[in-house]
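Next up, protein04.pdb (PDB, C-alpha atoms, pLDDT in the B column):
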ATOM      1  CA  MET A  20    -170.486-117.898  13.375  1.00 67.00           C
ATOM      2  CA  THR A  21    -172.367-118.376  16.655  1.00 72.00           C
ATOM      3  CA  LYS A  22    -170.915-115.167  18.105  1.00 78.00           C
ATOM      4  CA  PHE A  23    -171.803-113.248  14.958  1.00 72.00           C
ATOM      5  CA  LEU A  24    -175.379-114.556  14.958  1.00 72.00           C
ATOM      6  CA  LYS A  25    -175.893-113.686  18.627  1.00 76.00           C
ATOM      7  CA  GLU A  26    -174.902-110.088  17.851  1.00 78.00           C
ATOM      8  CA  GLN A  27    -177.586-109.777  15.153  1.00 73.00           C
ATOM      9  CA  PRO A  28    -181.121-108.544  15.776  1.00 70.00           C
ATOM     10  CA  GLN A  29    -183.504-111.412  16.550  1.00 73.00           C
ATOM     11  CA  LYS A  30    -185.893-110.547  13.749  1.00 74.00           C
ATOM     12  CA  LEU A  31    -184.772-109.630  10.269  1.00 71.00           C
ATOM     13  CA  GLU A  32    -187.347-107.564   8.435  1.00 80.00           C
ATOM     14  CA  VAL A  33    -185.490-107.003   5.161  1.00 85.00           C
ATOM     15  CA  TYR A  34    -183.090-109.042   3.046  1.00 87.00           C
ATOM     16  CA  ASP A  35    -179.482-108.322   4.022  1.00 86.00           C
ATOM     17  CA  ASP A  36    -177.086-109.187   1.192  1.00 91.00           C
ATOM     18  CA  LEU A  37    -174.015-108.555   3.362  1.00 89.00           C
ATOM     19  CA  LEU A  38    -175.277-110.968   6.017  1.00 86.00           C
ATOM     20  CA  VAL A  39    -175.976-113.683   3.435  1.00 90.00           C
ATOM     21  CA  ARG A  40    -172.525-113.279   1.889  1.00 92.00           C
ATOM     22  CA  ARG A  41    -170.884-113.539   5.333  1.00 89.00           C
ATOM     23  CA  LEU A  42    -172.729-116.743   6.252  1.00 90.00           C
ATOM     24  CA  VAL A  43    -173.376-118.732   3.066  1.00 95.00           C
ATOM     25  CA  GLU A  44    -170.596-120.523   1.186  1.00 97.00           C
ATOM     26  CA  LYS A  45    -172.739-121.890  -1.648  1.00 96.00           C
ATOM     27  CA  ILE A  46    -176.241-122.843  -2.696  1.00 96.00           C
ATOM     28  CA  ALA A  47    -176.847-125.839  -4.944  1.00 97.00           C
ATOM     29  CA  ILE A  48    -180.148-126.267  -6.775  1.00 96.00           C
ATOM     30  CA  HIS A  49    -181.091-129.793  -7.793  1.00 94.00           C
ATOM     31  CA  GLU A  50    -184.221-131.051  -9.502  1.00 93.00           C
ATOM     32  CA  ARG A  51    -186.282-131.240  -6.303  1.00 95.00           C
ATOM     33  CA  GLN A  52    -183.877-130.101  -3.620  1.00 96.00           C
ATOM     34  CA  LEU A  53    -182.076-126.947  -2.514  1.00 96.00           C
ATOM     35  CA  THR A  54    -178.828-127.401  -0.552  1.00 96.00           C
ATOM     36  CA  ILE A  55    -177.353-124.492   1.399  1.00 95.00           C
ATOM     37  CA  GLU A  56    -173.773-124.821   2.648  1.00 96.00           C
ATOM     38  CA  PHE A  57    -172.713-122.335   5.307  1.00 93.00           C
ATOM     39  CA  LYS A  58    -169.131-121.182   5.766  1.00 93.00           C
ATOM     40  CA  SER A  59    -169.113-122.973   9.113  1.00 89.00           C
ATOM     41  CA  GLY A  60    -169.509-126.304   7.263  1.00 92.00           C
ATOM     42  CA  ILE A  61    -173.163-126.852   8.149  1.00 91.00           C
ATOM     43  CA  GLU A  62    -175.366-128.015   5.259  1.00 95.00           C
ATOM     44  CA  ILE A  63    -179.144-127.774   5.070  1.00 93.00           C
ATOM     45  CA  ALA A  64    -181.183-129.520   2.387  1.00 95.00           C
ATOM     46  CA  LYS A  65    -184.785-128.558   1.627  1.00 94.00           C
ATOM     47  CA  GLU A  66    -187.272-130.094  -0.767  1.00 93.00           C
ATOM     48  CA  ILE A  67    -188.613-127.626  -3.323  1.00 89.00           C
TER      49      ILE A  67
END
Would you kindly transcribe this structure into structure tokens?
Amino acid sequence: MTKFLKEQPQKLEVYDDLLVRRLVEKIAIHERQLTIEFKSGIEIAKEI
């Protein structure tokens, strides 16, 4: 994943569905939290 990300432009100006599908395994939406699980195994949780 690191190699792939380094090859990408530094600033994304438009949504890239292909990029999201290559990186994200799943997104879980809870009552007050959004959890994003990447295919690399990294998870990020954000309050919403």
Exercise for the section: May I have the protein, DNA and RNA residues with any atom at most 12 Å from the point (-174.3, -121.3, 0.9), counting only C-alpha atoms, written as a list in words? Expected result: Leu38, Val39, Arg40, Arg41, Leu42, Val43, Glu44, Lys45, Ile46, Ala47, Ile48, Leu53, Thr54, Ile55, Glu56, Phe57, Lys58, Ser59, Gly60, Ile61, Glu62, Ile63 and Ala64 of chain A
Problem - Å distance separating CA of Val33 in chain A from CA of His49 in chain A, one decimal place - result: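 Rounded to one decimal, the two atoms are 26.6 Å apart.
Note that the spacing between CA of Phe23 in chain A and CA of Leu37 in chain A amounts to 12.7 Å.
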Give me the box for range 51-63 of chain A as AutoDock Vina command-line options, namely the centre and edge lengths in Å to one decimal of a box along x, y and z that holds every listed atom plus 3 Å on each side.
--center_x -177.7 --center_y -126.2 --center_z 1.4 --size_x 23.2 --size_y 16.1 --size_z 21.4
Practice task
Please indicate the distance in Å from CA of Glu32 in chain A to CA of Arg51 in chain A, rounded to one decimal place.
Solution key: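 For CA of Glu32 in chain A relative to CA of Arg51 in chain A, the distance reads 27.9 Å.
Nearest to Gln52 in chain A of all the residues A:Ile67, A:Asp35, A:Thr21, A:Pro28 is A:Ile67, based on only C-alpha atoms.
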